[in-house]
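Shown next: query_23.txt, given as compact mmCIF, N, CA and C atoms and all ligand atoms.
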```txt
# COMPACT_ATOMS: atom_id res chain seq x y z
N MET A 1 26.00 -96.52 -97.44
CA MET A 1 24.94 -96.23 -96.48
C MET A 1 25.50 -95.43 -95.30
N ASP A 2 24.84 -94.34 -95.00
CA ASP A 2 25.21 -93.55 -93.82
C ASP A 2 24.25 -93.85 -92.68
N LEU A 3 24.79 -94.15 -91.51
CA LEU A 3 23.95 -94.39 -90.34
C LEU A 3 24.47 -93.55 -89.18
N THR A 4 23.54 -93.02 -88.40
CA THR A 4 23.95 -92.39 -87.14
C THR A 4 24.21 -93.51 -86.12
N LEU A 5 24.88 -93.16 -85.03
CA LEU A 5 25.11 -94.16 -83.98
C LEU A 5 23.78 -94.71 -83.48
N GLN A 6 22.79 -93.81 -83.41
CA GLN A 6 21.44 -94.22 -82.98
C GLN A 6 20.86 -95.27 -83.93
N GLN A 7 21.02 -95.05 -85.23
CA GLN A 7 20.50 -96.01 -86.23
C GLN A 7 21.29 -97.31 -86.22
N LEU A 8 22.58 -97.19 -85.97
CA LEU A 8 23.46 -98.37 -85.96
C LEU A 8 23.01 -99.39 -84.91
N LYS A 9 22.43 -98.88 -83.83
CA LYS A 9 21.99 -99.74 -82.71
C LYS A 9 20.99 -100.82 -83.11
N GLN A 10 20.21 -100.55 -84.19
CA GLN A 10 19.23 -101.56 -84.61
C GLN A 10 19.90 -102.84 -85.09
N TYR A 11 21.18 -102.73 -85.42
CA TYR A 11 21.87 -103.87 -86.03
C TYR A 11 22.78 -104.56 -85.00
N ASP A 12 22.23 -104.76 -83.81
CA ASP A 12 23.04 -105.36 -82.74
C ASP A 12 22.78 -106.85 -82.58
N GLY A 13 22.04 -107.42 -83.52
CA GLY A 13 21.82 -108.87 -83.50
C GLY A 13 20.59 -109.31 -82.73
N THR A 14 19.96 -108.41 -82.02
CA THR A 14 18.79 -108.83 -81.23
C THR A 14 17.57 -109.07 -82.13
N ASP A 15 17.55 -108.43 -83.31
CA ASP A 15 16.50 -108.70 -84.30
C ASP A 15 17.10 -109.62 -85.36
N ALA A 16 16.71 -110.89 -85.30
CA ALA A 16 17.32 -111.91 -86.17
C ALA A 16 17.04 -111.67 -87.66
N SER A 17 16.08 -110.79 -87.96
CA SER A 17 15.78 -110.52 -89.36
C SER A 17 16.72 -109.47 -89.95
N LYS A 18 17.55 -108.85 -89.10
CA LYS A 18 18.47 -107.81 -89.57
C LYS A 18 19.91 -108.29 -89.52
N PRO A 19 20.78 -107.74 -90.37
CA PRO A 19 22.21 -108.08 -90.28
C PRO A 19 22.82 -107.52 -88.99
N ILE A 20 24.01 -107.99 -88.65
CA ILE A 20 24.72 -107.46 -87.49
C ILE A 20 25.85 -106.57 -88.00
N TYR A 21 25.88 -105.34 -87.49
CA TYR A 21 26.90 -104.37 -87.91
C TYR A 21 27.81 -104.00 -86.74
N LEU A 22 29.04 -103.70 -87.08
CA LEU A 22 30.03 -103.23 -86.09
C LEU A 22 30.88 -102.19 -86.79
N ALA A 23 31.08 -101.03 -86.18
CA ALA A 23 31.89 -99.99 -86.82
C ALA A 23 33.28 -99.93 -86.20
N VAL A 24 34.27 -99.73 -87.06
CA VAL A 24 35.66 -99.51 -86.64
C VAL A 24 36.11 -98.20 -87.29
N LYS A 25 36.52 -97.25 -86.49
CA LYS A 25 36.93 -95.93 -86.97
C LYS A 25 35.90 -95.35 -87.95
N GLY A 26 34.64 -95.50 -87.60
CA GLY A 26 33.56 -94.88 -88.36
C GLY A 26 33.13 -95.63 -89.61
N ARG A 27 33.83 -96.70 -89.92
CA ARG A 27 33.40 -97.50 -91.08
C ARG A 27 32.61 -98.70 -90.59
N ILE A 28 31.45 -98.95 -91.21
CA ILE A 28 30.55 -99.99 -90.73
C ILE A 28 30.79 -101.30 -91.49
N PHE A 29 31.07 -102.35 -90.73
CA PHE A 29 31.26 -103.69 -91.29
C PHE A 29 30.02 -104.53 -91.02
N ASP A 30 29.66 -105.37 -92.00
CA ASP A 30 28.59 -106.35 -91.79
C ASP A 30 29.26 -107.61 -91.23
N VAL A 31 29.11 -107.81 -89.92
CA VAL A 31 29.76 -108.94 -89.25
C VAL A 31 28.80 -110.10 -89.03
N SER A 32 27.73 -110.13 -89.84
CA SER A 32 26.74 -111.21 -89.70
C SER A 32 27.38 -112.60 -89.79
N ALA A 33 28.44 -112.72 -90.61
CA ALA A 33 29.11 -114.02 -90.74
C ALA A 33 29.77 -114.42 -89.42
N GLY A 34 29.99 -113.48 -88.53
CA GLY A 34 30.58 -113.75 -87.21
C GLY A 34 29.53 -113.74 -86.12
N LYS A 35 28.34 -114.23 -86.47
CA LYS A 35 27.22 -114.22 -85.52
C LYS A 35 27.57 -114.92 -84.19
N SER A 36 28.38 -115.96 -84.28
CA SER A 36 28.73 -116.67 -83.03
C SER A 36 29.56 -115.78 -82.10
N PHE A 37 30.26 -114.79 -82.68
CA PHE A 37 31.02 -113.82 -81.86
C PHE A 37 30.13 -112.68 -81.37
N TYR A 38 29.31 -112.13 -82.30
CA TYR A 38 28.64 -110.85 -82.05
C TYR A 38 27.15 -110.96 -81.79
N GLY A 39 26.57 -112.13 -82.07
CA GLY A 39 25.14 -112.31 -81.85
C GLY A 39 24.83 -112.41 -80.36
N PRO A 40 23.54 -112.45 -80.03
CA PRO A 40 23.13 -112.52 -78.62
C PRO A 40 23.81 -113.69 -77.91
N GLY A 41 24.40 -113.43 -76.76
CA GLY A 41 25.08 -114.47 -75.99
C GLY A 41 26.51 -114.73 -76.44
N GLY A 42 26.93 -114.11 -77.55
CA GLY A 42 28.30 -114.30 -78.03
C GLY A 42 29.29 -113.53 -77.17
N PRO A 43 30.59 -113.93 -77.23
CA PRO A 43 31.60 -113.30 -76.37
C PRO A 43 31.83 -111.82 -76.68
N TYR A 44 31.47 -111.38 -77.89
CA TYR A 44 31.71 -109.98 -78.27
C TYR A 44 30.42 -109.27 -78.64
N ALA A 45 29.31 -109.76 -78.07
CA ALA A 45 27.99 -109.18 -78.36
C ALA A 45 27.92 -107.70 -77.98
N MET A 46 28.77 -107.29 -77.02
CA MET A 46 28.72 -105.88 -76.58
C MET A 46 29.21 -104.91 -77.66
N PHE A 47 29.87 -105.44 -78.69
CA PHE A 47 30.37 -104.57 -79.77
C PHE A 47 29.34 -104.38 -80.88
N ALA A 48 28.35 -105.26 -80.92
CA ALA A 48 27.40 -105.25 -82.04
C ALA A 48 26.51 -104.02 -81.99
N GLY A 49 26.30 -103.41 -83.15
CA GLY A 49 25.48 -102.21 -83.24
C GLY A 49 26.17 -100.97 -82.72
N LYS A 50 27.50 -101.06 -82.54
CA LYS A 50 28.26 -99.93 -81.98
C LYS A 50 29.51 -99.65 -82.81
N ASP A 51 30.12 -98.48 -82.57
CA ASP A 51 31.50 -98.26 -83.01
C ASP A 51 32.37 -98.72 -81.85
N ALA A 52 33.09 -99.81 -82.08
CA ALA A 52 33.85 -100.47 -81.00
C ALA A 52 35.33 -100.07 -80.99
N SER A 53 35.68 -98.97 -81.67
CA SER A 53 37.10 -98.64 -81.87
C SER A 53 37.91 -98.59 -80.57
N ARG A 54 37.41 -97.86 -79.58
CA ARG A 54 38.19 -97.70 -78.35
C ARG A 54 38.38 -99.05 -77.64
N ALA A 55 37.31 -99.83 -77.60
CA ALA A 55 37.38 -101.14 -76.94
C ALA A 55 38.38 -102.05 -77.64
N LEU A 56 38.37 -102.03 -78.98
CA LEU A 56 39.32 -102.86 -79.72
C LEU A 56 40.75 -102.41 -79.44
N ALA A 57 40.97 -101.10 -79.43
CA ALA A 57 42.31 -100.57 -79.18
C ALA A 57 42.83 -101.01 -77.81
N LYS A 58 41.94 -100.99 -76.82
CA LYS A 58 42.34 -101.29 -75.43
C LYS A 58 42.16 -102.76 -75.06
N MET A 59 41.73 -103.57 -76.04
CA MET A 59 41.41 -104.98 -75.74
C MET A 59 40.49 -105.04 -74.51
N SER A 60 39.43 -104.28 -74.59
CA SER A 60 38.50 -104.15 -73.46
C SER A 60 37.09 -104.53 -73.89
N LYS A 61 36.38 -105.18 -73.02
CA LYS A 61 34.98 -105.48 -73.29
C LYS A 61 34.07 -104.64 -72.40
N SER A 62 34.64 -103.65 -71.73
CA SER A 62 33.88 -102.81 -70.82
C SER A 62 32.97 -101.85 -71.60
N ASP A 63 31.72 -101.75 -71.17
CA ASP A 63 30.75 -100.87 -71.84
C ASP A 63 31.29 -99.46 -72.05
N ASP A 64 32.01 -98.95 -71.05
CA ASP A 64 32.55 -97.59 -71.12
C ASP A 64 33.48 -97.40 -72.31
N ASP A 65 34.10 -98.48 -72.74
CA ASP A 65 35.09 -98.38 -73.83
C ASP A 65 34.49 -98.64 -75.21
N VAL A 66 33.24 -99.09 -75.24
CA VAL A 66 32.65 -99.42 -76.55
C VAL A 66 32.13 -98.13 -77.18
N CYS A 67 33.06 -97.37 -77.77
CA CYS A 67 32.73 -96.08 -78.39
C CYS A 67 33.82 -95.72 -79.39
N ALA A 68 33.59 -94.62 -80.09
CA ALA A 68 34.51 -94.21 -81.17
C ALA A 68 35.61 -93.28 -80.68
N ASN A 69 35.56 -92.90 -79.40
CA ASN A 69 36.51 -91.91 -78.87
C ASN A 69 37.91 -92.49 -78.73
N LEU A 70 38.85 -91.90 -79.44
CA LEU A 70 40.23 -92.40 -79.39
C LEU A 70 41.12 -91.52 -78.51
N ASN A 71 40.54 -90.55 -77.84
CA ASN A 71 41.34 -89.62 -77.01
C ASN A 71 42.16 -90.36 -75.98
N GLY A 72 43.43 -89.96 -75.88
CA GLY A 72 44.30 -90.46 -74.82
C GLY A 72 44.83 -91.86 -75.04
N LEU A 73 44.54 -92.48 -76.18
CA LEU A 73 45.09 -93.83 -76.42
C LEU A 73 46.60 -93.73 -76.70
N SER A 74 47.33 -94.75 -76.31
CA SER A 74 48.77 -94.78 -76.58
C SER A 74 49.02 -95.19 -78.03
N ASP A 75 50.25 -94.96 -78.48
CA ASP A 75 50.62 -95.39 -79.84
C ASP A 75 50.42 -96.89 -79.98
N LYS A 76 50.74 -97.61 -78.92
CA LYS A 76 50.59 -99.07 -78.97
C LYS A 76 49.12 -99.46 -79.15
N GLU A 77 48.24 -98.78 -78.42
CA GLU A 77 46.81 -99.07 -78.53
C GLU A 77 46.28 -98.72 -79.93
N ILE A 78 46.76 -97.59 -80.49
CA ILE A 78 46.36 -97.23 -81.86
C ILE A 78 46.84 -98.31 -82.84
N GLY A 79 48.01 -98.86 -82.58
CA GLY A 79 48.53 -99.95 -83.42
C GLY A 79 47.65 -101.19 -83.33
N VAL A 80 47.21 -101.49 -82.12
CA VAL A 80 46.30 -102.64 -81.93
C VAL A 80 45.01 -102.41 -82.71
N LEU A 81 44.48 -101.19 -82.61
CA LEU A 81 43.25 -100.85 -83.34
C LEU A 81 43.45 -101.02 -84.85
N ASN A 82 44.58 -100.54 -85.35
CA ASN A 82 44.84 -100.65 -86.79
C ASN A 82 44.95 -102.10 -87.23
N ASP A 83 45.49 -102.95 -86.36
CA ASP A 83 45.55 -104.39 -86.68
C ASP A 83 44.14 -105.00 -86.74
N TRP A 84 43.30 -104.59 -85.80
CA TRP A 84 41.91 -105.06 -85.83
C TRP A 84 41.22 -104.60 -87.12
N GLU A 85 41.47 -103.34 -87.47
CA GLU A 85 40.85 -102.80 -88.69
C GLU A 85 41.23 -103.66 -89.90
N LYS A 86 42.50 -104.04 -89.98
CA LYS A 86 42.96 -104.88 -91.10
C LYS A 86 42.26 -106.23 -91.08
N LYS A 87 42.12 -106.77 -89.86
CA LYS A 87 41.44 -108.07 -89.75
C LYS A 87 39.98 -107.97 -90.24
N PHE A 88 39.31 -106.91 -89.83
CA PHE A 88 37.92 -106.73 -90.26
C PHE A 88 37.83 -106.52 -91.77
N GLU A 89 38.75 -105.73 -92.30
CA GLU A 89 38.75 -105.49 -93.76
C GLU A 89 38.89 -106.79 -94.53
N ALA A 90 39.71 -107.69 -93.99
CA ALA A 90 39.97 -108.96 -94.68
C ALA A 90 38.79 -109.92 -94.56
N LYS A 91 38.01 -109.75 -93.51
CA LYS A 91 37.01 -110.77 -93.19
C LYS A 91 35.57 -110.38 -93.51
N TYR A 92 35.26 -109.09 -93.39
CA TYR A 92 33.86 -108.67 -93.48
C TYR A 92 33.65 -107.56 -94.51
N PRO A 93 32.46 -107.56 -95.17
CA PRO A 93 32.17 -106.46 -96.11
C PRO A 93 31.91 -105.13 -95.39
N ILE A 94 32.36 -104.06 -96.01
CA ILE A 94 32.06 -102.71 -95.51
C ILE A 94 30.74 -102.28 -96.13
N VAL A 95 29.82 -101.81 -95.28
CA VAL A 95 28.50 -101.44 -95.81
C VAL A 95 28.18 -99.96 -95.65
N GLY A 96 29.03 -99.21 -94.98
CA GLY A 96 28.73 -97.79 -94.86
C GLY A 96 29.60 -97.08 -93.85
N ARG A 97 29.13 -95.90 -93.46
CA ARG A 97 29.86 -95.04 -92.53
C ARG A 97 28.94 -94.52 -91.44
N VAL A 98 29.53 -94.26 -90.29
CA VAL A 98 28.78 -93.62 -89.21
C VAL A 98 28.83 -92.10 -89.43
N VAL A 99 27.67 -91.48 -89.39
CA VAL A 99 27.59 -90.02 -89.52
C VAL A 99 26.98 -89.44 -88.25
N SER A 100 27.20 -88.13 -88.05
CA SER A 100 26.67 -87.54 -86.82
C SER A 100 25.37 -86.79 -87.09
C1 LIG B 201 41.04 -114.49 -72.25
C2 LIG B 201 40.73 -113.61 -73.16
C3 LIG B 201 40.37 -113.94 -74.59
C4 LIG B 201 40.39 -115.11 -75.27
C5 LIG B 201 40.77 -116.48 -74.76
C6 LIG B 201 39.95 -114.80 -76.63
C7 LIG B 201 39.83 -115.72 -77.63
C8 LIG B 201 39.49 -115.47 -78.92
C9 LIG B 201 39.41 -116.44 -80.00
C10 LIG B 201 39.72 -117.93 -79.88
C11 LIG B 201 39.03 -115.78 -81.12
C12 LIG B 201 38.78 -116.38 -82.49
C13 LIG B 201 39.96 -116.15 -83.38
C14 LIG B 201 39.64 -116.59 -84.79
O1 LIG B 201 39.17 -117.71 -84.99
O2 LIG B 201 39.83 -115.79 -85.72
C15 LIG B 201 38.86 -114.40 -80.76
C16 LIG B 201 38.47 -113.41 -81.62
C17 LIG B 201 38.24 -112.11 -81.27
N1 LIG B 201 38.46 -111.54 -80.04
FE1 LIG B 201 39.03 -112.50 -78.40
N2 LIG B 201 39.68 -113.49 -76.72
C18 LIG B 201 39.92 -112.91 -75.51
C19 LIG B 201 39.78 -111.61 -75.17
C20 LIG B 201 39.32 -110.62 -76.02
C21 LIG B 201 39.12 -109.24 -75.63
C22 LIG B 201 39.40 -108.63 -74.25
C23 LIG B 201 38.67 -108.58 -76.71
C24 LIG B 201 38.35 -107.12 -76.74
C25 LIG B 201 38.65 -106.36 -77.76
C26 LIG B 201 38.58 -109.56 -77.79
C27 LIG B 201 38.13 -109.31 -79.06
C28 LIG B 201 38.06 -110.23 -80.08
C29 LIG B 201 37.56 -109.92 -81.40
C30 LIG B 201 37.01 -108.60 -81.90
C31 LIG B 201 37.68 -111.10 -82.16
C32 LIG B 201 37.39 -111.25 -83.64
C33 LIG B 201 36.13 -111.97 -83.91
C34 LIG B 201 35.93 -112.00 -85.43
O3 LIG B 201 36.68 -112.68 -86.13
O4 LIG B 201 35.04 -111.26 -85.90
N3 LIG B 201 38.98 -110.77 -77.31
N4 LIG B 201 39.14 -114.23 -79.44
```

Take the structure in the file and give it back as structure tokens.
Amino acid sequence: MDLTLQQLKQYDGTDASKPIYLAVKGRIFDVSAGKSFYGPGGPYAMFAGKDASRALAKMSKSDDDVCANLNGLSDKEIGVLNDWEKKFEAKYPIVGRVVS
């Protein structure tokens, strides 16, 4: 399934009838099983329905960082992002890609 960032927003957990999606490096994971993390009121709800790559790399929950832009990240931050990617691959199904 291909989704634009705009379409991805519908899957932010606010509509309980829809799954919750989170993208890492443009690949969309179904994180519905982690509803307590990403659902409304959860500690990582700001990542839901978004590509959270930059935020994951920087260990940041700031709205400004919840995006796919990797510009200017350090090698260490890219390493952190790659570790998160592995964690998501192990835990959640991949359901598609973000397209522009
Ligand atoms: C004081 C700061 C923090 C504490 C105490 C904390 C604590 C935790 C705990 C206990 C888990 C669950 C681990 C597990 O059971 O697998 C977790 C998962 C996670 N944390 Fe944090 N965290 C903190 C900060 C952050 C920050 C700043 C970020 C921003 C990137 C972050 C992102 C995540 C993500 C993405 C998960 C994975 C949830 C999942 O399995 O889907 N955390 N954190």

Residue contacts of range 34-48 of chain A (7 Å, only N, CA and C atoms) excluding same-chain residues fewer than 3 positions away, as a PyMOL selection string: chain A and resi 8-9+11-14+20-23+30-31+51-52+61+66

DSSP on the backbone: which residues in chain A end up as alpha helix (DSSP H)? Give the answer as a PDB file with N, CA and C atoms, keeping the file's coordinate frame.
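The result, stored in result-v3.pdb:
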```
ATOM      1  N   LEU A   5      24.880 -93.160 -85.030  1.00  0.00           N
ATOM      2  CA  LEU A   5      25.110 -94.160 -83.980  1.00  0.00           C
ATOM      3  C   LEU A   5      23.780 -94.710 -83.480  1.00  0.00           C
ATOM      4  N   GLN A   6      22.790 -93.810 -83.410  1.00  0.00           N
ATOM      5  CA  GLN A   6      21.440 -94.220 -82.980  1.00  0.00           C
ATOM      6  C   GLN A   6      20.860 -95.270 -83.930  1.00  0.00           C
ATOM      7  N   GLN A   7      21.020 -95.050 -85.230  1.00  0.00           N
ATOM      8  CA  GLN A   7      20.500 -96.010 -86.230  1.00  0.00           C
ATOM      9  C   GLN A   7      21.290 -97.310 -86.220  1.00  0.00           C
ATOM     10  N   LEU A   8      22.580 -97.190 -85.970  1.00  0.00           N
ATOM     11  CA  LEU A   8      23.460 -98.370 -85.960  1.00  0.00           C
ATOM     12  C   LEU A   8      23.010 -99.390 -84.910  1.00  0.00           C
ATOM     13  N   LYS A  35      28.340-114.230 -86.470  1.00  0.00           N
ATOM     14  CA  LYS A  35      27.220-114.220 -85.520  1.00  0.00           C
ATOM     15  C   LYS A  35      27.570-114.920 -84.190  1.00  0.00           C
ATOM     16  N   SER A  36      28.380-115.960 -84.280  1.00  0.00           N
ATOM     17  CA  SER A  36      28.730-116.670 -83.030  1.00  0.00           C
ATOM     18  C   SER A  36      29.560-115.780 -82.100  1.00  0.00           C
ATOM     19  N   PHE A  37      30.260-114.790 -82.680  1.00  0.00           N
ATOM     20  CA  PHE A  37      31.020-113.820 -81.860  1.00  0.00           C
ATOM     21  C   PHE A  37      30.130-112.680 -81.370  1.00  0.00           C
ATOM     22  N   TYR A  38      29.310-112.130 -82.300  1.00  0.00           N
ATOM     23  CA  TYR A  38      28.640-110.850 -82.050  1.00  0.00           C
ATOM     24  C   TYR A  38      27.150-110.960 -81.790  1.00  0.00           C
ATOM     25  N   SER A  53      35.680 -98.970 -81.670  1.00  0.00           N
ATOM     26  CA  SER A  53      37.100 -98.640 -81.870  1.00  0.00           C
ATOM     27  C   SER A  53      37.910 -98.590 -80.570  1.00  0.00           C
ATOM     28  N   ARG A  54      37.410 -97.860 -79.580  1.00  0.00           N
ATOM     29  CA  ARG A  54      38.190 -97.700 -78.350  1.00  0.00           C
ATOM     30  C   ARG A  54      38.380 -99.050 -77.640  1.00  0.00           C
ATOM     31  N   ALA A  55      37.310 -99.830 -77.600  1.00  0.00           N
ATOM     32  CA  ALA A  55      37.380-101.140 -76.940  1.00  0.00           C
ATOM     33  C   ALA A  55      38.380-102.050 -77.640  1.00  0.00           C
ATOM     34  N   LEU A  56      38.370-102.030 -78.980  1.00  0.00           N
ATOM     35  CA  LEU A  56      39.320-102.860 -79.720  1.00  0.00           C
ATOM     36  C   LEU A  56      40.750-102.410 -79.440  1.00  0.00           C
ATOM     37  N   ALA A  57      40.970-101.100 -79.430  1.00  0.00           N
ATOM     38  CA  ALA A  57      42.310-100.570 -79.180  1.00  0.00           C
ATOM     39  C   ALA A  57      42.830-101.010 -77.810  1.00  0.00           C
ATOM     40  N   LYS A  58      41.940-100.990 -76.820  1.00  0.00           N
ATOM     41  CA  LYS A  58      42.340-101.290 -75.430  1.00  0.00           C
ATOM     42  C   LYS A  58      42.160-102.760 -75.060  1.00  0.00           C
ATOM     43  N   ASP A  75      50.250 -94.960 -78.480  1.00  0.00           N
ATOM     44  CA  ASP A  75      50.620 -95.390 -79.840  1.00  0.00           C
ATOM     45  C   ASP A  75      50.420 -96.890 -79.980  1.00  0.00           C
ATOM     46  N   LYS A  76      50.740 -97.610 -78.920  1.00  0.00           N
ATOM     47  CA  LYS A  76      50.590 -99.070 -78.970  1.00  0.00           C
ATOM     48  C   LYS A  76      49.120 -99.460 -79.150  1.00  0.00           C
ATOM     49  N   GLU A  77      48.240 -98.780 -78.420  1.00  0.00           N
ATOM     50  CA  GLU A  77      46.810 -99.070 -78.530  1.00  0.00           C
ATOM     51  C   GLU A  77      46.280 -98.720 -79.930  1.00  0.00           C
ATOM     52  N   ILE A  78      46.760 -97.590 -80.490  1.00  0.00           N
ATOM     53  CA  ILE A  78      46.360 -97.230 -81.860  1.00  0.00           C
ATOM     54  C   ILE A  78      46.840 -98.310 -82.840  1.00  0.00           C
ATOM     55  N   GLY A  79      48.010 -98.860 -82.580  1.00  0.00           N
ATOM     56  CA  GLY A  79      48.530 -99.950 -83.420  1.00  0.00           C
ATOM     57  C   GLY A  79      47.650-101.190 -83.330  1.00  0.00           C
ATOM     58  N   VAL A  80      47.210-101.490 -82.120  1.00  0.00           N
ATOM     59  CA  VAL A  80      46.300-102.640 -81.930  1.00  0.00           C
ATOM     60  C   VAL A  80      45.010-102.410 -82.710  1.00  0.00           C
ATOM     61  N   LEU A  81      44.480-101.190 -82.610  1.00  0.00           N
ATOM     62  CA  LEU A  81      43.250-100.850 -83.340  1.00  0.00           C
ATOM     63  C   LEU A  81      43.450-101.020 -84.850  1.00  0.00           C
ATOM     64  N   ASN A  82      44.580-100.540 -85.350  1.00  0.00           N
ATOM     65  CA  ASN A  82      44.840-100.650 -86.790  1.00  0.00           C
ATOM     66  C   ASN A  82      44.950-102.100 -87.230  1.00  0.00           C
ATOM     67  N   ASP A  83      45.490-102.950 -86.360  1.00  0.00           N
ATOM     68  CA  ASP A  83      45.550-104.390 -86.680  1.00  0.00           C
ATOM     69  C   ASP A  83      44.140-105.000 -86.740  1.00  0.00           C
ATOM     70  N   TRP A  84      43.300-104.590 -85.800  1.00  0.00           N
ATOM     71  CA  TRP A  84      41.910-105.060 -85.830  1.00  0.00           C
ATOM     72  C   TRP A  84      41.220-104.600 -87.120  1.00  0.00           C
ATOM     73  N   GLU A  85      41.470-103.340 -87.470  1.00  0.00           N
ATOM     74  CA  GLU A  85      40.850-102.800 -88.690  1.00  0.00           C
ATOM     75  C   GLU A  85      41.230-103.660 -89.900  1.00  0.00           C
ATOM     76  N   LYS A  86      42.500-104.040 -89.980  1.00  0.00           N
ATOM     77  CA  LYS A  86      42.960-104.880 -91.100  1.00  0.00           C
ATOM     78  C   LYS A  86      42.260-106.230 -91.080  1.00  0.00           C
ATOM     79  N   LYS A  87      42.120-106.770 -89.860  1.00  0.00           N
ATOM     80  CA  LYS A  87      41.440-108.070 -89.750  1.00  0.00           C
ATOM     81  C   LYS A  87      39.980-107.970 -90.240  1.00  0.00           C
ATOM     82  N   PHE A  88      39.310-106.910 -89.830  1.00  0.00           N
ATOM     83  CA  PHE A  88      37.920-106.730 -90.260  1.00  0.00           C
ATOM     84  C   PHE A  88      37.830-106.520 -91.770  1.00  0.00           C
ATOM     85  N   GLU A  89      38.750-105.730 -92.300  1.00  0.00           N
ATOM     86  CA  GLU A  89      38.750-105.490 -93.760  1.00  0.00           C
ATOM     87  C   GLU A  89      38.890-106.790 -94.530  1.00  0.00           C
ATOM     88  N   ALA A  90      39.710-107.690 -93.990  1.00  0.00           N
ATOM     89  CA  ALA A  90      39.970-108.960 -94.680  1.00  0.00           C
ATOM     90  C   ALA A  90      38.790-109.920 -94.560  1.00  0.00           C
ATOM     91  N   LYS A  91      38.010-109.750 -93.510  1.00  0.00           N
ATOM     92  CA  LYS A  91      37.010-110.770 -93.190  1.00  0.00           C
ATOM     93  C   LYS A  91      35.570-110.380 -93.510  1.00  0.00           C
TER      94      LYS A  91
END
```

In terms of the shortest atom-to-atom distance over all atoms listed in the file, which of A:Val80, A:Val95, A:Leu70, A:Leu56 is closest to ligand LIG 201 (chain B)? A:Leu56

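With CA of Ile28 in chain A on one side and CA of Gly96 in chain A on the other, the separation reads 5.0 Å.
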
Need the shell around Leu5 in chain A: protein/DNA/RNA residues with any atom at most 10 Å away, counting only C-alpha atoms. Skip same-chain ones fewer than 2 positions apart. Format as a compact mmCIF listing (two decimals) with N, CA and C atoms, in the frame of the given file?
```
# COMPACT_ATOMS: atom_id res chain seq x y z
N ASP A 2 24.84 -94.34 -95.00
CA ASP A 2 25.21 -93.55 -93.82
C ASP A 2 24.25 -93.85 -92.68
N LEU A 3 24.79 -94.15 -91.51
CA LEU A 3 23.95 -94.39 -90.34
C LEU A 3 24.47 -93.55 -89.18
N GLN A 7 21.02 -95.05 -85.23
CA GLN A 7 20.50 -96.01 -86.23
C GLN A 7 21.29 -97.31 -86.22
N LEU A 8 22.58 -97.19 -85.97
CA LEU A 8 23.46 -98.37 -85.96
C LEU A 8 23.01 -99.39 -84.91
N LYS A 9 22.43 -98.88 -83.83
CA LYS A 9 21.99 -99.74 -82.71
C LYS A 9 20.99 -100.82 -83.11
N GLN A 10 20.21 -100.55 -84.19
CA GLN A 10 19.23 -101.56 -84.61
C GLN A 10 19.90 -102.84 -85.09
N ALA A 23 31.08 -101.03 -86.18
CA ALA A 23 31.89 -99.99 -86.82
C ALA A 23 33.28 -99.93 -86.20
N GLY A 26 34.64 -95.50 -87.60
CA GLY A 26 33.56 -94.88 -88.36
C GLY A 26 33.13 -95.63 -89.61
N GLY A 49 26.30 -103.41 -83.15
CA GLY A 49 25.48 -102.21 -83.24
C GLY A 49 26.17 -100.97 -82.72
N LYS A 50 27.50 -101.06 -82.54
CA LYS A 50 28.26 -99.93 -81.98
C LYS A 50 29.51 -99.65 -82.81
N ASP A 51 30.12 -98.48 -82.57
CA ASP A 51 31.50 -98.26 -83.01
C ASP A 51 32.37 -98.72 -81.85
N CYS A 67 33.06 -97.37 -77.77
CA CYS A 67 32.73 -96.08 -78.39
C CYS A 67 33.82 -95.72 -79.39
N ALA A 68 33.59 -94.62 -80.09
CA ALA A 68 34.51 -94.21 -81.17
C ALA A 68 35.61 -93.28 -80.68
N ARG A 97 29.13 -95.90 -93.46
CA ARG A 97 29.86 -95.04 -92.53
C ARG A 97 28.94 -94.52 -91.44
N VAL A 98 29.53 -94.26 -90.29
CA VAL A 98 28.78 -93.62 -89.21
C VAL A 98 28.83 -92.10 -89.43
N VAL A 99 27.67 -91.48 -89.39
CA VAL A 99 27.59 -90.02 -89.52
C VAL A 99 26.98 -89.44 -88.25
N SER A 100 27.20 -88.13 -88.05
CA SER A 100 26.67 -87.54 -86.82
C SER A 100 25.37 -86.79 -87.09
```

Of the listed residues A:Lys76, A:Ala55, A:Pro19, A:Asn82, that which approaches ligand LIG 201 (chain B) most closely, counting only N, CA and C atoms and all ligand atoms: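 Among the listed residues, A:Ala55 lies closest to ligand LIG 201 (chain B).
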
I need the residues in chain A that are strand (DSSP E or B) according to DSSP; give them as a VMD selection string. chain A and resid 2 to 3 21 to 24 27 to 30 51 94 to 98

Compare A:Leu73, A:Met59, A:Ala33, A:Met1 by their minimum atom-to-atom distance to ligand LIG 201 (chain B), counting only C-alpha atoms and all ligand atoms, and give me the closest one. A:Met59

Have a look at atom C22 of ligand LIG 201 (chain B) and CA of Ser17 in chain A and let me know their distance in Å, one decimal. 28.1 Å

Taking only N, CA and C atoms and all ligand atoms into account, which of A:Ser60, A:Ser74, A:Thr4, A:Asn69 comes nearest ligand LIG 201 (chain B)? A:Ser60

Between A:Gln6, A:Lys18, A:Gly72, A:Ala57, which residue has the minimum interatomic distance to ligand LIG 201 (chain B), considering only C-alpha atoms and all ligand atoms?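 Counting only C-alpha atoms and all ligand atoms, the residue closest to ligand LIG 201 (chain B) is A:Ala57.
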
Choose the residue, out of A:Asn71, A:Lys58, A:Asp64, A:Val24, that has the smallest atom-to-atom separation from ligand LIG 201 (chain B); count all atoms listed in the file. A:Lys58

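Taking CA of Gly79 in chain A as the reference point, atom N of Ser32 in chain A is found at 24.0 Å.
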